[in-house]
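S.K.: mmCIF, C-alpha atoms, saved as coords38.cif, coming up:
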data_query
loop_
_atom_site.label_atom_id
_atom_site.label_comp_id
_atom_site.auth_asym_id
_atom_site.auth_seq_id
_atom_site.Cartn_x
_atom_site.Cartn_y
_atom_site.Cartn_z
CA MET G 1 -7.46 16.21 4.69
CA LYS G 2 -8.66 14.18 1.70
CA LYS G 3 -8.34 17.24 -0.52
CA ALA G 4 -4.78 17.82 0.72
CA LEU G 5 -3.89 14.18 0.03
CA LYS G 6 -5.37 14.42 -3.46
CA GLY G 7 -3.37 17.61 -4.10
CA SER G 8 -0.20 15.83 -3.00
CA LEU G 9 -0.91 13.00 -5.42
CA ILE G 10 -1.44 15.44 -8.28
CA ALA G 11 1.83 17.18 -7.45
CA ALA G 12 3.54 13.80 -7.21
CA THR G 13 2.17 12.76 -10.58
CA LEU G 14 3.66 15.92 -12.07
CA ALA G 15 6.99 15.17 -10.37
CA ILE G 16 6.97 11.65 -11.76
CA ALA G 17 6.26 12.99 -15.22
CA ALA G 18 9.33 15.16 -14.73
CA GLY G 19 11.45 12.08 -14.02
CA GLY G 20 10.93 11.26 -10.34
CA ALA G 21 10.26 7.67 -9.28
CA TYR G 22 8.63 8.27 -5.91
CA PHE G 23 7.31 11.03 -3.74
CA ALA G 24 7.30 11.81 -0.05
CA PHE G 25 4.52 13.17 2.10
CA THR G 26 4.99 15.52 4.99
CA GLN G 27 4.67 14.06 8.47
CA GLN G 28 1.26 15.75 8.77
CA GLN G 29 -0.29 13.53 6.07
CA THR G 30 -2.14 10.71 7.78
CA MET G 31 -3.55 7.46 6.54
CA PRO G 32 -7.15 8.04 5.48
CA GLN G 33 -10.05 6.23 7.12
CA ALA G 34 -10.82 3.06 5.17
CA LYS G 35 -12.31 -0.37 5.66
CA PHE G 36 -10.64 -3.37 4.04
CA ALA G 37 -12.59 -6.51 3.03
CA MET G 38 -10.07 -9.32 2.66
CA VAL G 39 -10.41 -12.13 0.13
CA ASP G 40 -10.67 -14.56 3.08
CA GLY G 41 -13.71 -12.65 4.45
CA GLN G 42 -11.82 -10.89 7.25
CA LEU G 43 -12.60 -7.20 7.82
CA LEU G 44 -10.03 -4.62 8.86
CA SER G 45 -10.15 -0.86 9.27
CA THR G 46 -7.39 1.71 9.37
CA ALA G 47 -8.19 2.15 13.08
CA ASP G 48 -7.08 -1.49 13.58
CA LEU G 49 -3.66 -0.53 12.19
CA LYS G 50 -2.85 2.11 14.84
CA GLY G 51 0.52 1.38 16.40
CA LYS G 52 1.71 -0.71 13.42
CA VAL G 53 4.00 0.13 10.54
CA THR G 54 1.85 -0.60 7.50
CA LEU G 55 2.56 -1.05 3.83
CA VAL G 56 -0.49 -0.59 1.57
CA ASN G 57 -0.05 -1.56 -2.08
CA PHE G 58 -2.66 -1.00 -4.80
CA TRP G 59 -2.34 -3.61 -7.55
CA ALA G 60 -4.20 -5.66 -10.14
CA THR G 61 -3.80 -9.14 -11.56
CA SER G 62 -3.71 -7.57 -15.04
CA CYS G 63 -0.83 -5.24 -14.09
CA ALA G 64 2.47 -6.75 -15.31
CA PRO G 65 4.67 -4.54 -13.05
CA CYS G 66 2.48 -5.50 -10.07
CA ILE G 67 3.03 -9.20 -10.73
CA THR G 68 6.76 -8.65 -11.28
CA GLU G 69 7.20 -6.88 -7.93
CA MET G 70 5.05 -9.39 -5.98
CA PRO G 71 7.95 -11.71 -4.97
CA LYS G 72 9.77 -8.67 -3.57
CA PHE G 73 6.73 -7.76 -1.47
CA VAL G 74 6.60 -11.36 -0.19
CA GLN G 75 10.30 -11.22 0.72
CA ASN G 76 9.85 -7.79 2.31
CA HIS G 77 6.87 -8.98 4.36
CA ASN G 78 8.64 -12.13 5.52
CA GLU G 79 11.69 -10.13 6.57
CA PHE G 80 9.76 -7.63 8.72
CA LYS G 81 6.51 -9.29 9.85
CA ALA G 82 7.99 -10.62 13.10
CA ARG G 83 8.95 -7.03 14.01
CA GLY G 84 5.39 -5.80 13.44
CA LEU G 85 5.08 -4.84 9.77
CA GLU G 86 1.54 -5.15 8.44
CA THR G 87 1.27 -5.57 4.66
CA ILE G 88 -2.03 -5.10 2.84
CA LEU G 89 -2.44 -5.47 -0.90
CA VAL G 90 -5.55 -3.80 -2.29
CA ALA G 91 -6.92 -5.19 -5.57
CA MET G 92 -8.42 -2.48 -7.75
CA ASP G 93 -12.18 -2.35 -8.34
CA TYR G 94 -11.85 -3.51 -11.97
CA ASP G 95 -10.00 -6.69 -10.97
CA PRO G 96 -12.35 -9.71 -11.01
CA PRO G 97 -12.60 -11.10 -7.45
CA LEU G 98 -12.10 -14.67 -8.67
CA TYR G 99 -8.81 -13.69 -10.35
CA VAL G 100 -7.59 -12.03 -7.15
CA LYS G 101 -8.59 -14.97 -4.96
CA ASN G 102 -6.98 -17.48 -7.35
CA PHE G 103 -3.77 -15.43 -7.59
CA THR G 104 -3.62 -15.07 -3.79
CA GLU G 105 -4.09 -18.81 -3.22
CA ARG G 106 -1.90 -20.01 -6.11
CA ASN G 107 1.00 -17.82 -4.98
CA LYS G 108 0.41 -18.44 -1.26
CA LEU G 109 0.64 -14.71 -0.50
CA PRO G 110 1.60 -14.40 3.19
CA PHE G 111 -0.06 -11.03 3.78
CA LYS G 112 -3.55 -9.60 3.74
CA VAL G 113 -5.18 -9.09 0.34
CA ALA G 114 -8.23 -6.83 0.14
CA MET G 115 -10.83 -6.36 -2.58
CA ASP G 116 -11.78 -2.77 -3.34
CA ALA G 117 -15.06 -3.74 -5.04
CA ARG G 118 -16.47 -0.19 -5.25
CA GLY G 119 -13.19 1.71 -5.37
CA ASP G 120 -13.76 3.27 -1.94
CA ILE G 121 -10.27 2.46 -0.63
CA ALA G 122 -8.55 3.83 -3.75
CA ARG G 123 -10.62 7.02 -3.49
CA SER G 124 -9.80 7.44 0.20
CA PHE G 125 -6.07 7.21 -0.59
CA GLY G 126 -6.30 10.16 -2.98
CA ASP G 127 -8.08 8.62 -5.97
CA VAL G 128 -5.44 6.01 -6.77
CA THR G 129 -5.92 4.94 -10.40
CA ILE G 130 -2.43 3.82 -11.41
CA THR G 131 -0.95 0.51 -10.33
CA PRO G 132 1.26 -0.27 -8.64
CA THR G 133 0.97 2.46 -6.03
CA THR G 134 2.37 1.87 -2.56
CA PHE G 135 2.08 3.76 0.73
CA LEU G 136 4.33 3.29 3.77
CA ILE G 137 2.64 4.38 7.00
CA ASP G 138 4.31 4.72 10.42
CA LYS G 139 3.00 3.61 13.83
CA LYS G 140 1.27 6.95 14.36
CA GLY G 141 -0.66 6.61 11.11
CA ARG G 142 1.45 9.13 9.19
CA ILE G 143 2.26 8.49 5.55
CA ILE G 144 6.05 8.34 5.38
CA LYS G 145 6.39 7.77 1.66
CA SER G 146 4.35 6.83 -1.36
CA TYR G 147 5.59 5.20 -4.53
CA LEU G 148 4.08 5.17 -7.99
CA GLY G 149 5.60 2.17 -9.70
CA GLU G 150 7.97 -0.31 -8.14
CA PRO G 151 9.72 0.98 -5.02
CA ASP G 152 13.47 0.89 -4.62
CA PHE G 153 13.25 -2.04 -2.21
CA ALA G 154 16.67 -1.41 -0.62
CA LYS G 155 15.60 2.12 0.34
CA LEU G 156 12.15 0.87 1.34
CA HIS G 157 13.78 -1.68 3.67
CA ASP G 158 15.76 1.12 5.34
CA LEU G 159 12.58 3.20 5.80
CA ILE G 160 10.67 0.23 7.24
CA ASP G 161 13.54 -0.61 9.58
CA SER G 162 13.64 2.98 10.86
CA ALA G 163 9.85 3.15 11.26
CA LEU G 164 9.78 -0.11 13.19
CA LYS G 165 12.40 1.23 15.62
CA GLU G 166 10.35 4.34 16.42
CA THR G 167 8.26 4.35 19.56
CA THR G 168 4.58 5.31 19.39
#
Turn the structure described in the file into structure tokens.
M.R.:
Amino acid sequence: MKKALKGSLIAATLAIAAGGAYFAFTQQQTMPQAKFAMVDGQLLSTADLKGKVTLVNFWATSCAPCITEMPKFVQNHNEFKARGLETILVAMDYDPPLYVKNFTERNKLPFKVAMDARGDIARSFGDVTITPTTFLIDKKGRIIKSYLGEPDFAKLHDLIDSALKETT
């Protein structure tokens, strides 16, 4: 499965180079197994996310586009959290933990922020190396869509809304 996910990311990278802004996964692609260590010390695994629509965003404090899109992720999270959306931001392994913690606190981020200290989470999601990269996962753990760069938030809202309406 990991090899298939990596192959999809390579194909998506080629599509983006050809002018695409996002790429879709087939319904058979599932969220990889991963463990998230949050900046507040909380631990979470992908198994804990079963039954939830989840947005996973890879970012860095040194990534200007990541910082630019952050208010849109906050707005997105606030709009859908009451309906069950789980949002997890994953700081890349090269991002200093103190920078991530300070950014999270200073900006009062309302969602979970994880540190990927050894790069294990990025590797499990197909060797993510470019930020921002975002995955939308349905209640059954299937990857609905993945974005390299800033998502079209209007279309993302529609996808989230549809995914939240689905039964498990």
S.K.: Give as a VMD selection string the residues that the PyMOL selection byres ((chain G and resi 47) around 12) matches when applied to the coordinates above.
M.R.: chain G and resid 30 to 36 43 to 46 48 to 52 54 139 to 141
S.K.: Just want the 12 Å neighbourhood of Asn102 of chain G, counted on all atoms listed in the file, with same-chain residues fewer than 4 positions away dropped. Output as a PDB file with C-alpha atoms, keeping the file's coordinate frame.
M.R.:
ATOM      1  CA  VAL G  39     -10.410 -12.130   0.130  1.00  0.00           C
ATOM      2  CA  ASP G  40     -10.670 -14.560   3.080  1.00  0.00           C
ATOM      3  CA  THR G  61      -3.800  -9.140 -11.560  1.00  0.00           C
ATOM      4  CA  ASP G  95     -10.000  -6.690 -10.970  1.00  0.00           C
ATOM      5  CA  PRO G  96     -12.350  -9.710 -11.010  1.00  0.00           C
ATOM      6  CA  PRO G  97     -12.600 -11.100  -7.450  1.00  0.00           C
ATOM      7  CA  LEU G  98     -12.100 -14.670  -8.670  1.00  0.00           C
ATOM      8  CA  ARG G 106      -1.900 -20.010  -6.110  1.00  0.00           C
ATOM      9  CA  ASN G 107       1.000 -17.820  -4.980  1.00  0.00           C
ATOM     10  CA  LYS G 108       0.410 -18.440  -1.260  1.00  0.00           C
ATOM     11  CA  LEU G 109       0.640 -14.710  -0.500  1.00  0.00           C
ATOM     12  CA  VAL G 113      -5.180  -9.090   0.340  1.00  0.00           C
TER      13      VAL G 113
END
S.K.: Measuring between only C-alpha atoms, which one of G:Ala82, G:Asn76, G:Gly41, G:Tyr94 shows the shortest distance to Leu156 of chain G?
M.R.: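 Smallest separation from Leu156 of chain G among the options: G:Asn76.
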S.K.: Using only C-alpha atoms, find the one residue out of G:Ile88, G:Ile143, G:Ala114, G:Leu159 that sits nearest to Val74 of chain G.
M.R.: G:Ile88
S.K.: Counting only C-alpha atoms, figure out which residue out of G:Ala117, G:Ala163, G:Leu148, G:Ala154 gets nearest to Ile130 of chain G.
M.R.: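 Answer, going by the shortest atom-to-atom distance: G:Leu148.
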S.K.: How many Å lie between atom CA of Lys81 of chain G and atom CA of Lys145 of chain G, rounded to one decimal?
M.R.: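 So the two atoms, atom CA of Lys81 of chain G and atom CA of Lys145 of chain G, lie 18.9 Å apart.
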S.K.: Please, which residues are within 9 Å of (-3.3, -0.6, -15.2) by the file's coordinates, counting only C-alpha atoms, and could they come as a PyMOL selection string?
M.R.: chain G and resi 59-60+62-64+129-132
S.K.: Ranking G:Val128, G:Val100, G:Leu89, G:Leu55 by minimum distance to Lys112 of chain G and counting all atoms listed in the file, which one comes first?
M.R.: G:Leu89
S.K.: What gap, in Å, lies between atom CA of Gln42 of chain G and atom CA of Val90 of chain G?
M.R.: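 That distance, rounded to one decimal, is 13.4 Å.
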